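Text of final06.txt, listed as compact mmCIF, C-alpha atoms and all ligand atoms:
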```
# COMPACT_ATOMS: atom_id res chain seq x y z
CA MET M 265 -1.61 -28.67 45.39
CA ALA M 266 -3.63 -29.23 42.25
CA GLU M 267 -7.33 -29.12 42.72
CA MET M 268 -8.95 -32.53 42.74
CA ASP M 269 -11.00 -33.14 39.65
CA PRO M 270 -14.38 -34.14 41.07
CA VAL M 271 -15.18 -36.57 38.24
CA ALA M 272 -11.76 -38.20 38.07
CA GLY M 273 -12.41 -40.65 40.88
CA THR M 274 -9.39 -42.81 41.48
CA ALA M 275 -8.83 -43.75 37.86
CA PRO M 276 -5.41 -43.01 36.36
CA VAL M 277 -5.61 -39.86 34.26
CA SER M 278 -4.57 -40.26 30.63
CA ASP M 279 -3.86 -37.73 27.92
CA LEU M 280 -4.75 -40.22 25.16
CA ASP M 281 -7.01 -38.73 22.49
CA PRO M 282 -8.95 -41.51 20.72
CA PHE M 283 -10.26 -38.93 18.26
CA SER M 284 -6.90 -37.56 17.12
CA ASP M 285 -5.60 -38.32 13.62
CA ASP M 286 -2.63 -40.33 14.89
CA TYR M 287 -4.73 -42.53 17.13
CA ILE M 288 -7.34 -43.14 14.43
CA ARG M 289 -4.80 -44.04 11.74
CA SER M 290 -2.96 -46.49 13.94
CA PRO M 291 -5.01 -47.24 17.06
CA TYR M 292 -3.40 -50.47 18.25
CA PRO M 293 -0.37 -49.05 20.12
CA PHE M 294 -2.73 -46.55 21.77
CA HIS M 295 -5.14 -49.33 22.70
CA GLN M 296 -2.29 -51.05 24.45
CA GLN M 297 -1.52 -47.86 26.40
CA LEU M 298 -5.17 -47.58 27.32
CA ARG M 299 -5.31 -51.18 28.58
CA GLU M 300 -2.01 -50.95 30.42
CA ALA M 301 -2.94 -47.70 32.16
CA GLY M 302 -5.61 -49.61 34.09
CA PRO M 303 -9.01 -51.27 33.86
CA VAL M 304 -10.65 -47.83 33.96
CA VAL M 305 -8.86 -44.64 32.95
CA PHE M 306 -9.91 -41.02 32.88
CA LEU M 307 -9.45 -39.25 29.53
CA ASP M 308 -8.40 -35.79 30.59
CA LYS M 309 -9.12 -34.19 27.23
CA TYR M 310 -12.77 -35.20 27.22
CA LYS M 311 -13.34 -35.54 30.97
CA VAL M 312 -14.80 -39.04 30.63
CA HIS M 313 -13.78 -42.47 31.82
CA ALA M 314 -12.74 -45.10 29.30
CA VAL M 315 -12.27 -48.86 29.30
CA GLY M 316 -10.12 -50.82 26.89
CA ARG M 317 -9.82 -54.22 28.52
CA TYR M 318 -12.11 -57.02 27.39
CA ALA M 319 -13.55 -57.83 30.83
CA GLU M 320 -14.73 -54.29 31.57
CA VAL M 321 -15.98 -53.63 28.02
CA ARG M 322 -18.00 -56.80 28.03
CA GLY M 323 -19.18 -56.30 31.61
CA ILE M 324 -20.51 -52.83 30.79
CA LEU M 325 -22.21 -54.01 27.59
CA GLU M 326 -23.96 -56.71 29.58
CA ASP M 327 -25.16 -54.40 32.35
CA ALA M 328 -27.57 -52.09 30.54
CA ALA M 329 -29.37 -51.20 33.77
CA THR M 330 -26.25 -49.50 35.17
CA PHE M 331 -24.73 -48.38 31.86
CA CYS M 332 -27.56 -47.07 29.74
CA SER M 333 -27.93 -46.02 26.11
CA GLY M 334 -30.80 -43.57 26.43
CA ALA M 335 -28.41 -40.65 26.96
CA GLY M 336 -26.77 -41.47 23.63
CA VAL M 337 -23.95 -43.85 22.71
CA GLY M 338 -21.57 -41.13 21.59
CA LEU M 339 -19.56 -38.68 23.66
CA ALA M 340 -22.45 -36.25 24.06
CA ASN M 341 -24.77 -36.78 26.99
CA PHE M 342 -28.31 -36.21 25.70
CA HIS M 343 -29.36 -35.19 29.21
CA LYS M 344 -27.09 -32.15 28.85
CA ASP M 345 -26.65 -31.69 25.08
CA PRO M 346 -29.68 -32.29 22.87
CA PRO M 347 -28.88 -34.70 20.00
CA TRP M 348 -28.61 -33.45 16.40
CA ARG M 349 -31.43 -35.80 15.29
CA ALA M 350 -34.40 -37.44 16.98
CA PRO M 351 -32.88 -40.30 19.01
CA SER M 352 -32.78 -43.75 17.49
CA MET M 353 -35.67 -45.87 18.77
CA VAL M 354 -33.36 -48.83 19.30
CA LEU M 355 -29.74 -47.66 19.62
CA GLU M 356 -30.40 -44.72 21.90
CA THR M 357 -33.14 -46.09 24.15
CA ASP M 358 -33.45 -48.28 27.23
CA PRO M 359 -35.98 -50.88 28.31
CA PRO M 360 -38.90 -51.07 28.17
CA ASP M 361 -39.09 -48.98 24.96
CA HIS M 362 -35.93 -50.56 23.64
CA THR M 363 -37.29 -54.06 24.17
CA ARG M 364 -40.50 -53.30 22.31
CA ASN M 365 -38.78 -51.54 19.39
CA ARG M 366 -36.04 -54.09 19.00
CA ALA M 367 -38.62 -56.87 18.79
CA VAL M 368 -40.21 -55.06 15.83
CA ILE M 369 -36.89 -54.97 13.99
CA SER M 370 -36.12 -58.58 14.94
CA ARG M 371 -39.34 -59.73 13.34
CA ALA M 372 -38.48 -57.88 10.11
CA VAL M 373 -35.07 -59.57 9.88
CA SER M 374 -36.31 -63.06 10.73
CA PRO M 375 -34.35 -66.11 9.55
CA ALA M 376 -37.03 -66.78 6.92
CA ALA M 377 -36.71 -63.22 5.56
CA LEU M 378 -32.94 -63.61 5.35
CA ARG M 379 -33.12 -66.99 3.64
CA ALA M 380 -35.14 -65.35 0.89
CA LEU M 381 -32.33 -62.82 0.34
CA ARG M 382 -29.41 -65.20 -0.03
CA ALA M 383 -29.67 -66.03 -3.74
CA GLY M 384 -29.85 -62.38 -4.75
CA PHE M 385 -26.93 -61.43 -2.49
CA GLU M 386 -24.86 -64.28 -3.96
CA ALA M 387 -25.61 -63.29 -7.53
CA GLU M 388 -24.58 -59.69 -6.86
CA ALA M 389 -21.37 -60.71 -5.06
CA ASN M 390 -20.42 -63.01 -7.93
CA ARG M 391 -21.19 -60.36 -10.53
CA LEU M 392 -19.21 -57.72 -8.64
CA VAL M 393 -16.13 -59.90 -8.14
CA ASP M 394 -16.21 -61.03 -11.79
CA SER M 395 -16.27 -57.40 -12.89
CA LEU M 396 -13.24 -56.54 -10.74
CA LEU M 397 -11.17 -59.66 -11.40
CA ASP M 398 -7.87 -59.01 -13.20
CA ARG M 399 -8.40 -55.27 -13.38
CA ASP M 400 -5.03 -53.53 -13.00
CA SER M 401 -6.20 -51.94 -9.81
CA PHE M 402 -9.40 -50.73 -8.22
CA ASP M 403 -10.43 -49.01 -5.03
CA ALA M 404 -11.72 -51.54 -2.51
CA VAL M 405 -13.82 -48.81 -0.91
CA LYS M 406 -15.47 -47.01 -3.83
CA ASP M 407 -15.56 -49.98 -6.23
CA MET M 408 -16.49 -52.79 -3.86
CA GLY M 409 -17.12 -51.98 -0.19
CA GLU M 410 -19.65 -49.24 -0.83
CA PRO M 411 -21.42 -50.49 -3.97
CA PHE M 412 -22.20 -53.91 -2.52
CA PRO M 413 -24.38 -52.87 0.46
CA LEU M 414 -25.71 -49.90 -1.48
CA ARG M 415 -27.10 -52.45 -3.93
CA VAL M 416 -28.08 -55.52 -1.93
CA PHE M 417 -28.91 -54.00 1.45
CA ALA M 418 -30.84 -51.07 -0.01
CA ASP M 419 -32.73 -53.50 -2.26
CA ALA M 420 -33.46 -55.75 0.71
CA ILE M 421 -34.88 -52.85 2.70
CA GLY M 422 -36.92 -51.81 -0.32
CA LEU M 423 -35.47 -48.34 -0.62
CA MET M 424 -36.27 -45.99 -3.47
CA GLU M 425 -33.40 -45.58 -5.96
CA ASP M 426 -32.69 -41.88 -5.72
CA SER M 427 -32.12 -41.80 -1.97
CA ARG M 428 -29.31 -44.35 -2.02
CA GLN M 429 -26.62 -41.90 -3.05
CA HIS M 430 -27.10 -40.15 0.29
CA LEU M 431 -26.65 -43.18 2.50
CA ILE M 432 -22.86 -42.96 2.76
CA ALA M 433 -23.05 -39.28 3.69
CA TYR M 434 -25.76 -40.08 6.23
CA GLY M 435 -23.77 -42.89 7.80
CA ASN M 436 -20.86 -40.48 8.09
CA MET M 437 -23.08 -38.06 9.96
CA VAL M 438 -24.44 -40.72 12.30
CA PHE M 439 -21.10 -42.29 13.18
CA ASN M 440 -18.87 -39.20 13.15
CA GLY M 441 -21.64 -37.55 15.15
CA MET M 442 -20.88 -39.94 18.03
CA GLY M 443 -17.49 -38.32 18.53
CA PRO M 444 -16.48 -34.93 19.87
CA ARG M 445 -17.18 -31.77 17.91
CA ASN M 446 -13.89 -31.94 16.00
CA LYS M 447 -13.22 -31.37 12.32
CA LEU M 448 -14.46 -34.89 11.47
CA TYR M 449 -17.77 -34.11 13.13
CA ASP M 450 -18.10 -30.75 11.40
CA ASN M 451 -17.12 -32.09 7.95
CA ALA M 452 -19.62 -34.93 8.22
CA MET M 453 -22.38 -32.51 9.15
CA GLU M 454 -21.73 -30.13 6.26
CA ASN M 455 -24.94 -30.91 4.37
CA ALA M 456 -26.71 -32.38 7.34
CA GLU M 457 -30.14 -30.97 6.75
CA GLU M 458 -30.35 -31.90 3.11
CA VAL M 459 -28.97 -35.41 3.62
CA ALA M 460 -31.11 -36.11 6.69
CA GLY M 461 -34.13 -34.85 4.75
CA TRP M 462 -33.51 -37.30 1.90
CA VAL M 463 -33.08 -40.19 4.29
CA TRP M 464 -36.15 -39.28 6.31
CA ASN M 465 -38.19 -39.14 3.11
CA ALA M 466 -36.91 -42.57 2.10
CA CYS M 467 -38.07 -44.00 5.45
CA GLN M 468 -41.69 -43.08 4.91
CA ARG M 469 -44.15 -45.89 4.36
CA LYS M 470 -45.29 -44.58 0.97
CA ASN M 471 -41.71 -44.66 -0.34
CA LEU M 472 -40.83 -48.22 0.71
CA SER M 473 -41.21 -51.13 -1.65
CA PRO M 474 -44.09 -53.47 -0.72
CA ASP M 475 -41.77 -56.52 -0.71
CA GLY M 476 -38.81 -55.19 1.29
CA LEU M 477 -37.86 -55.55 4.95
CA GLY M 478 -38.49 -51.86 5.66
CA ILE M 479 -42.22 -52.00 5.11
CA ARG M 480 -42.47 -54.84 7.65
CA ILE M 481 -41.77 -52.25 10.36
CA PHE M 482 -45.11 -50.72 9.50
CA ASP M 483 -46.85 -53.96 10.43
CA ALA M 484 -46.23 -52.76 13.99
CA VAL M 485 -47.85 -49.44 13.10
CA ASP M 486 -50.91 -51.26 11.77
CA ALA M 487 -50.98 -53.32 14.96
CA GLY M 488 -51.07 -50.10 16.99
CA ILE M 489 -47.65 -50.69 18.59
CA LEU M 490 -45.94 -47.71 16.95
CA THR M 491 -47.03 -44.40 15.45
CA ASP M 492 -46.27 -43.65 11.79
CA GLU M 493 -43.45 -41.34 12.83
CA GLU M 494 -41.97 -44.06 15.05
CA GLY M 495 -42.24 -46.57 12.22
CA ALA M 496 -40.25 -44.29 9.93
CA ARG M 497 -37.71 -43.66 12.70
CA LEU M 498 -37.22 -47.38 13.16
CA VAL M 499 -36.68 -47.82 9.41
CA ARG M 500 -34.11 -45.03 9.76
CA SER M 501 -32.07 -47.35 12.01
CA PHE M 502 -31.58 -49.79 9.13
CA LEU M 503 -30.24 -46.99 6.97
CA SER M 504 -28.08 -45.54 9.74
CA ALA M 505 -26.42 -48.73 10.86
CA GLY M 506 -26.50 -51.01 7.84
CA VAL M 507 -24.33 -49.44 5.15
CA ASP M 508 -21.10 -47.88 6.42
CA THR M 509 -20.49 -50.76 8.79
CA THR M 510 -20.58 -53.48 6.12
CA ALA M 511 -18.91 -51.24 3.51
CA ASN M 512 -15.93 -50.80 5.82
CA ALA M 513 -15.95 -54.47 6.75
CA ILE M 514 -15.58 -55.45 3.08
CA ALA M 515 -12.59 -53.15 2.54
CA ASN M 516 -11.08 -54.28 5.86
CA ALA M 517 -11.51 -57.89 4.73
CA LEU M 518 -9.54 -57.27 1.55
CA TYR M 519 -6.84 -55.53 3.59
CA CYS M 520 -6.60 -58.40 6.10
CA PHE M 521 -6.22 -60.99 3.37
CA ALA M 522 -3.87 -58.91 1.20
CA SER M 523 -1.57 -58.49 4.17
CA ASN M 524 -1.88 -62.15 5.26
CA PRO M 525 -1.50 -64.21 2.07
CA ASP M 526 -1.27 -67.50 4.01
CA GLN M 527 -4.73 -66.82 5.44
CA TRP M 528 -5.99 -66.05 1.96
CA GLN M 529 -4.72 -69.40 0.72
CA ALA M 530 -6.39 -71.09 3.70
CA LEU M 531 -9.74 -69.53 2.77
CA ARG M 532 -9.32 -70.42 -0.91
CA ALA M 533 -8.62 -74.00 0.09
CA ASN M 534 -11.80 -74.06 2.15
CA PRO M 535 -14.40 -71.42 1.19
CA ASP M 536 -16.69 -72.85 3.87
CA LEU M 537 -14.50 -70.91 6.32
CA SER M 538 -16.01 -67.68 4.95
CA ARG M 539 -18.35 -67.17 7.89
CA ALA M 540 -15.63 -67.88 10.44
CA ALA M 541 -13.26 -65.59 8.53
CA PHE M 542 -15.70 -62.71 8.83
CA GLU M 543 -15.76 -63.07 12.62
CA GLU M 544 -11.97 -62.86 12.70
CA ILE M 545 -12.08 -59.78 10.44
CA LEU M 546 -14.50 -58.19 12.91
CA ARG M 547 -12.25 -59.04 15.82
CA PHE M 548 -9.06 -57.96 14.10
CA GLU M 549 -10.23 -54.79 12.32
CA SER M 550 -13.52 -53.94 14.02
CA PRO M 551 -15.41 -51.40 11.89
CA PHE M 552 -17.18 -50.25 15.05
CA GLN M 553 -14.29 -49.04 17.23
CA THR M 554 -15.89 -47.11 20.07
CA PHE M 555 -19.17 -46.78 21.86
CA PHE M 556 -20.22 -44.87 24.95
CA ARG M 557 -22.59 -45.69 27.74
CA THR M 558 -23.92 -43.47 30.55
CA THR M 559 -24.06 -44.41 34.23
CA THR M 560 -27.58 -44.53 35.66
CA ARG M 561 -26.21 -44.22 39.23
CA GLU M 562 -22.92 -43.85 41.06
CA VAL M 563 -21.06 -47.06 40.39
CA GLU M 564 -17.82 -48.74 41.35
CA LEU M 565 -16.06 -50.25 38.38
CA ALA M 566 -12.83 -52.19 38.93
CA GLY M 567 -12.22 -50.18 42.08
CA VAL M 568 -12.94 -46.81 40.49
CA THR M 569 -15.93 -44.76 41.60
CA ILE M 570 -17.80 -43.13 38.74
CA GLY M 571 -20.58 -40.67 39.42
CA ALA M 572 -24.14 -40.87 38.17
CA ASP M 573 -24.97 -39.64 34.66
CA GLU M 574 -21.34 -39.89 33.51
CA LYS M 575 -20.23 -41.01 30.07
CA ILE M 576 -17.88 -43.98 29.70
CA MET M 577 -16.06 -44.75 26.48
CA LEU M 578 -15.84 -48.43 25.53
CA SER M 579 -13.09 -49.33 23.09
CA LEU M 580 -14.45 -52.38 21.30
CA GLY M 581 -11.42 -52.43 19.02
CA SER M 582 -9.14 -52.63 22.04
CA ALA M 583 -11.22 -55.33 23.78
CA ASN M 584 -11.02 -57.41 20.63
CA ARG M 585 -7.21 -57.36 20.87
CA ASP M 586 -6.80 -57.60 24.62
CA PRO M 587 -4.10 -60.20 25.35
CA ARG M 588 -5.94 -60.95 28.62
CA GLN M 589 -8.64 -62.51 26.42
CA TRP M 590 -6.96 -63.55 23.17
CA SER M 591 -3.78 -65.44 22.49
CA GLU M 592 -1.60 -63.62 19.96
CA PRO M 593 -4.31 -60.98 19.52
CA ASP M 594 -2.37 -59.13 16.81
CA ARG M 595 -2.25 -62.19 14.58
CA PHE M 596 -4.98 -62.47 11.92
CA ASP M 597 -5.95 -66.13 12.00
CA ILE M 598 -9.22 -67.30 10.45
CA SER M 599 -8.96 -70.67 12.19
CA ARG M 600 -8.98 -69.25 15.74
CA SER M 601 -12.00 -69.28 18.00
CA THR M 602 -13.49 -65.80 17.86
CA ALA M 603 -16.39 -66.59 20.19
CA GLY M 604 -17.07 -63.66 22.47
CA HIS M 605 -15.63 -60.90 20.27
CA VAL M 606 -17.46 -57.62 20.73
CA GLY M 607 -17.40 -56.45 17.11
CA PHE M 608 -21.20 -56.66 17.16
CA GLY M 609 -21.37 -55.41 20.74
CA ALA M 610 -23.00 -57.69 23.33
CA GLY M 611 -25.99 -57.81 25.62
CA ILE M 612 -29.41 -56.34 24.91
CA HIS M 613 -27.99 -53.86 22.37
CA GLY M 614 -25.93 -56.47 20.48
CA CYS M 615 -26.25 -55.83 16.74
CA VAL M 616 -29.79 -56.69 15.67
CA GLY M 617 -28.69 -56.79 12.02
CA GLN M 618 -25.79 -59.13 12.56
CA MET M 619 -27.34 -61.95 10.56
CA ILE M 620 -27.69 -59.67 7.52
CA ALA M 621 -24.11 -58.48 7.96
CA ARG M 622 -22.94 -62.09 8.17
CA LEU M 623 -24.89 -62.99 5.05
CA GLU M 624 -23.39 -60.08 3.12
CA LEU M 625 -19.83 -60.79 4.15
CA GLU M 626 -20.17 -64.53 3.70
CA VAL M 627 -21.31 -64.23 0.10
CA VAL M 628 -18.62 -61.64 -0.70
CA LEU M 629 -15.85 -63.77 0.85
CA ARG M 630 -17.15 -66.87 -0.91
CA ALA M 631 -17.31 -65.09 -4.26
CA LEU M 632 -13.71 -64.00 -3.73
CA ALA M 633 -12.47 -67.36 -2.41
CA THR M 634 -13.86 -69.28 -5.37
CA ARG M 635 -12.54 -66.90 -8.06
CA VAL M 636 -9.47 -65.03 -6.83
CA ALA M 637 -5.99 -66.52 -6.47
CA THR M 638 -4.16 -63.45 -5.20
CA ILE M 639 -5.10 -60.19 -3.47
CA GLU M 640 -2.46 -57.47 -3.67
CA ILE M 641 -2.33 -53.93 -2.44
CA THR M 642 -1.11 -51.88 -5.39
CA GLY M 643 -0.48 -48.48 -3.81
CA GLU M 644 -0.45 -46.52 -0.58
CA PRO M 645 -3.74 -47.10 1.29
CA ARG M 646 -5.26 -44.25 3.27
CA HIS M 647 -7.09 -45.07 6.47
CA LEU M 648 -10.42 -43.41 7.03
CA LEU M 649 -10.25 -40.53 9.49
CA HIS M 650 -13.42 -41.14 11.41
CA ASN M 651 -14.71 -40.69 14.95
CA THR M 652 -16.24 -44.17 15.26
CA LEU M 653 -15.56 -46.46 12.32
CA ARG M 654 -12.34 -48.14 11.28
CA GLY M 655 -11.83 -48.56 7.58
CA PHE M 656 -10.23 -47.00 4.56
CA GLU M 657 -10.76 -43.84 2.61
CA TYR M 658 -8.78 -45.40 -0.23
CA LEU M 659 -7.46 -48.94 -0.66
CA PRO M 660 -6.05 -49.77 -4.09
CA VAL M 661 -6.02 -53.52 -4.74
CA ARG M 662 -5.65 -56.06 -7.51
CA LEU M 663 -7.43 -59.39 -7.63
CA GLY M 664 -5.52 -61.99 -9.66
CA SER M 665 -7.31 -65.00 -11.15
C1 LIG I 701 -26.01 -49.66 15.62
C2 LIG I 701 -26.43 -48.34 15.10
C3 LIG I 701 -25.50 -47.48 14.61
C4 LIG I 701 -25.91 -46.24 14.13
C5 LIG I 701 -27.23 -45.89 14.16
C6 LIG I 701 -28.18 -46.74 14.66
C7 LIG I 701 -27.77 -47.97 15.12
C8 LIG I 701 -29.61 -46.32 14.71
O1 LIG I 701 -30.42 -47.04 15.27
O2 LIG I 701 -29.94 -45.24 14.19
```
Encoding of this model in C-alpha cells:
Amino acid sequence: MAEMDPVAGTAPVSDLDPFSDDYIRSPYPFHQQLREAGPVVFLDKYKVHAVGRYAEVRGILEDAATFCSGAGVGLANFHKDPPWRAPSMVLETDPPDHTRNRAVISRAVSPAALRALRAGFEAEANRLVDSLLDRDSFDAVKDMGEPFPLRVFADAIGLMEDSRQHLIAYGNMVFNGMGPRNKLYDNAMENAEEVAGWVWNACQRKNLSPDGLGIRIFDAVDAGILTDEEGARLVRSFLSAGVDTTANAIANALYCFASNPDQWQALRANPDLSRAAFEEILRFESPFQTFFRTTTREVELAGVTIGADEKIMLSLGSANRDPRQWSEPDRFDISRSTAGHVGFGAGIHGCVGQMIARLELEVVLRALATRVATIEITGEPRHLLHNTLRGFEYLPVRLGS
C-alpha cells in the first residue's frame, strides 16, 4: 500500500501544475479541472492545497485570522524559507502591524488626493490614444500598457525619472517571485540586486517629489509611527504592486474588446460604462491570477483537514469564472453585475490601490471609447509566461478611427 502523505488530508490529489507553460497560456480549462476536482484539492507537485471555487477563495480571503499573509503570499513559506527581500509591510504582514501600515497607505491615496490626479491622467490617456490611433499596428504591451502607468502612476507617486525604467523588471521579480523556483522565477531574478537597489533608492525620502503621494508616507515617519526604513519599505509597496498590474490590465482590456466587438460597440455607445467595463475585464482576465495564504492553525475547510502552517493556493482567476457564482462566466459582458469579483482580492488585504487602478483604467477606456471605432488584433499575440500575472508579452493591435 502506498504510504499516506501526511499533509494530503482527505483532499483529492491533483497533478495540475498552475506554473507550467500550458496552464499559464490557457488557464481556463485547467481552472475548470481544479474546481471540478473538489472544493479543496492537493497539488501533488508542490505539496500544497489549492482552492479554485469562488466560495472557498472568498471565504479564505475573508478569514485572515486563520489564513494569514505574514508567511508570504507566494508558494514559499517565510517560516521555512527566508524571503528574497525584506517582507512587504502591508502585503506580507498580519494585524496589528498590517492594520497600522495599511492605514498609512490609505491616507496617502485618499479620495481628495485621487481627485487631484484625474485631469492629468485624462490628458495623458487622450494624448497616448491619439498618438496610436490609425497606426498600422502597435504593441498593446510595450506601446500602451506599460508606458501609461510608467508615466502617470510614477508621476503620481513622485518618483525620480531615472528609476522608472527598472519598475517593470522589479514587478517581474516581485510577482514571479511568488511562484515556485522555476525558470520564470530564475529569469525574473537575473539582475535582482541591481534592480532592487535602484528601486530601494527611489523609495528614499530624499528622492521623492515633495508633491507626490509617496512622500505622504513619510508623514507617518514624522509622526513617529514608522521608522525611516519602514517608510521607504511602504513606498516600495506602491512600486511593487502598482505598475505591472495596471499595465497588464490595459493590454487585457484591448484583448477583451478586440475579441468581443459587440462589447466594444456597447462601450462606444456609452463611454460612461468605462468603470463597469473595467470590473468585467478584471473578472474575465484577472491580471492577478493566484495568491497563497498560510494556515495559522489546523483547520477544516470544506471537509478537508489542513495542518497548521500550511500553504494554500487561491486561484482568483478561477473564482472569477466559477459557474457556481457567475452565469455564463466565460462570456465577456460589460453590462453584467460584477459585484463580488475577487480581482482585487477581498477582506483586510483587498487592494488598497484599487481606486487608483480604477481611475487609470477608466480614463484609458474613456479615451479609447470616445476616439476609436474598431480594435483589431493584427498578428499572433503571445501570452505572458508568468508565475502570478495574466497578460501578454506581445499583443499587436490596430485602432481604427
Ligand atoms: C499587492 C501587492 C503585490 C505585490 C507587492 C506588494 C503588494 C507589496 O506590498 O510589496
(request) Just the residues within 12 Å of M:Asp394, please, counting all atoms listed in the file, with nothing from its chain fewer than 3 positions along; format it as an MDAnalysis selection string. (result) chainID M and resid 387:391 397:399 408 628 631:636 663:665
Include C-alpha atoms and write out the residues we just selected as a PDB file, keeping the file's coordinate frame.
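What ended up in part14.pdb:
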```pdb
ATOM      1  CA  ALA M 387     -25.610 -63.290  -7.530  1.00  0.00           C
ATOM      2  CA  GLU M 388     -24.580 -59.690  -6.860  1.00  0.00           C
ATOM      3  CA  ALA M 389     -21.370 -60.710  -5.060  1.00  0.00           C
ATOM      4  CA  ASN M 390     -20.420 -63.010  -7.930  1.00  0.00           C
ATOM      5  CA  ARG M 391     -21.190 -60.360 -10.530  1.00  0.00           C
ATOM      6  CA  LEU M 397     -11.170 -59.660 -11.400  1.00  0.00           C
ATOM      7  CA  ASP M 398      -7.870 -59.010 -13.200  1.00  0.00           C
ATOM      8  CA  ARG M 399      -8.400 -55.270 -13.380  1.00  0.00           C
ATOM      9  CA  MET M 408     -16.490 -52.790  -3.860  1.00  0.00           C
ATOM     10  CA  VAL M 628     -18.620 -61.640  -0.700  1.00  0.00           C
ATOM     11  CA  ALA M 631     -17.310 -65.090  -4.260  1.00  0.00           C
ATOM     12  CA  LEU M 632     -13.710 -64.000  -3.730  1.00  0.00           C
ATOM     13  CA  ALA M 633     -12.470 -67.360  -2.410  1.00  0.00           C
ATOM     14  CA  THR M 634     -13.860 -69.280  -5.370  1.00  0.00           C
ATOM     15  CA  ARG M 635     -12.540 -66.900  -8.060  1.00  0.00           C
ATOM     16  CA  VAL M 636      -9.470 -65.030  -6.830  1.00  0.00           C
ATOM     17  CA  LEU M 663      -7.430 -59.390  -7.630  1.00  0.00           C
ATOM     18  CA  GLY M 664      -5.520 -61.990  -9.660  1.00  0.00           C
ATOM     19  CA  SER M 665      -7.310 -65.000 -11.150  1.00  0.00           C
TER      20      SER M 665
END
```
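Note that atom CA of M:Val568 and atom CA of M:Val277 are 11.9 Å apart.
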(message) From the options M:Leu355, M:Val304, M:Ala452, M:Ala637, which residue's atoms come nearest to ligand LIG 701 (chain I), counting all atoms listed in the file?
(response) M:Leu355
Please give me, as a PDB file with C-alpha atoms, keeping the file's coordinate frame, the residues lying within 7 Å of ligand LIG 701 (chain I) when counting all atoms listed in the file.
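Full text of pocket07.pdb as output:
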```
ATOM      1  CA  SER M 352     -32.780 -43.750  17.490  1.00  0.00           C
ATOM      2  CA  MET M 353     -35.670 -45.870  18.770  1.00  0.00           C
ATOM      3  CA  VAL M 354     -33.360 -48.830  19.300  1.00  0.00           C
ATOM      4  CA  LEU M 355     -29.740 -47.660  19.620  1.00  0.00           C
ATOM      5  CA  VAL M 438     -24.440 -40.720  12.300  1.00  0.00           C
ATOM      6  CA  PHE M 439     -21.100 -42.290  13.180  1.00  0.00           C
ATOM      7  CA  ARG M 500     -34.110 -45.030   9.760  1.00  0.00           C
ATOM      8  CA  SER M 501     -32.070 -47.350  12.010  1.00  0.00           C
ATOM      9  CA  PHE M 502     -31.580 -49.790   9.130  1.00  0.00           C
ATOM     10  CA  SER M 504     -28.080 -45.540   9.740  1.00  0.00           C
ATOM     11  CA  ALA M 505     -26.420 -48.730  10.860  1.00  0.00           C
ATOM     12  CA  CYS M 615     -26.250 -55.830  16.740  1.00  0.00           C
TER      13      CYS M 615
END
```
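Take the candidates M:Pro535, M:Pro346, M:Gly443, M:Gly581 and check each one against M:Pro293 using only C-alpha atoms; the shortest distance goes to M:Gly581.
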(request) List the neighbours of M:Lys309 out to 8 Å using all atoms listed in the file; skip same-chain residues closer than 2 positions along the sequence, and give me the result as a PyMOL selection string. (result) chain M and resi 279-281+307+311
Contacts between stretch 474-489 of chain M and stretch 337-391 of chain M, please, where a residue of stretch 337-391 of chain M counts if it comes within 7 Å (with only C-alpha atoms); show its shortest atom pair and distance in Å to one decimal, rows by chain and ascending number, as a tab-separated table.
```
residue	atom	partner	partner_atom	distance
M:Val368	CA	M:Ile481	CA	6.3
M:Ile369	CA	M:Ile481	CA	6.7
M:Ala372	CA	M:Arg480	CA	5.6
M:Val373	CA	M:Leu477	CA	6.9
```
(request) Find the residues near M:Thr554: any atom within 10 Å, counting all atoms listed in the file, skip ones fewer than 6 places away on the same chain, and give them as a ChimeraX atom specification. (result) /M:282,314,316,337-339,439,442-443,577-582,607,609,651-654
Since we have the selection now, will you write its residues out, keeping C-alpha atoms, as a PDB file, in the coordinates of the input?
```
ATOM      1  CA  PRO M 282      -8.950 -41.510  20.720  1.00  0.00           C
ATOM      2  CA  ALA M 314     -12.740 -45.100  29.300  1.00  0.00           C
ATOM      3  CA  GLY M 316     -10.120 -50.820  26.890  1.00  0.00           C
ATOM      4  CA  VAL M 337     -23.950 -43.850  22.710  1.00  0.00           C
ATOM      5  CA  GLY M 338     -21.570 -41.130  21.590  1.00  0.00           C
ATOM      6  CA  LEU M 339     -19.560 -38.680  23.660  1.00  0.00           C
ATOM      7  CA  PHE M 439     -21.100 -42.290  13.180  1.00  0.00           C
ATOM      8  CA  MET M 442     -20.880 -39.940  18.030  1.00  0.00           C
ATOM      9  CA  GLY M 443     -17.490 -38.320  18.530  1.00  0.00           C
ATOM     10  CA  MET M 577     -16.060 -44.750  26.480  1.00  0.00           C
ATOM     11  CA  LEU M 578     -15.840 -48.430  25.530  1.00  0.00           C
ATOM     12  CA  SER M 579     -13.090 -49.330  23.090  1.00  0.00           C
ATOM     13  CA  LEU M 580     -14.450 -52.380  21.300  1.00  0.00           C
ATOM     14  CA  GLY M 581     -11.420 -52.430  19.020  1.00  0.00           C
ATOM     15  CA  SER M 582      -9.140 -52.630  22.040  1.00  0.00           C
ATOM     16  CA  GLY M 607     -17.400 -56.450  17.110  1.00  0.00           C
ATOM     17  CA  GLY M 609     -21.370 -55.410  20.740  1.00  0.00           C
ATOM     18  CA  ASN M 651     -14.710 -40.690  14.950  1.00  0.00           C
ATOM     19  CA  THR M 652     -16.240 -44.170  15.260  1.00  0.00           C
ATOM     20  CA  LEU M 653     -15.560 -46.460  12.320  1.00  0.00           C
ATOM     21  CA  ARG M 654     -12.340 -48.140  11.280  1.00  0.00           C
TER      22      ARG M 654
END
```
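Of the residues listed (M:Ala583, M:Cys467, M:Met619, M:Ala515), M:Ala583 shows the shortest atom-to-atom separation from M:Leu298; distances use all atoms listed in the file.
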(request) Show me as a PyMOL selection string the residues that reach within 7 Å of (0.4, -59.6, 8.7), counting all atoms listed in the file and using the file's own coordinates. (result) chain M and resi 523-524+595-596
(request) Rank M:Ile576, M:Cys520, M:Ala420, M:Val661 by their smallest atom-to-atom distance to M:Val321, using all atoms listed in the file, and report the top residue only. (result) M:Ile576
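Closest to M:Ala456 among M:Thr558, M:Asp286, M:Glu425, M:Arg349 is M:Arg349, based on all atoms listed in the file.
With all atoms listed in the file as the atoms that count, the minimum distance from M:Glu300 to the choices M:Arg532, M:Arg588, M:Arg428, M:Arg539 is reached by M:Arg588.
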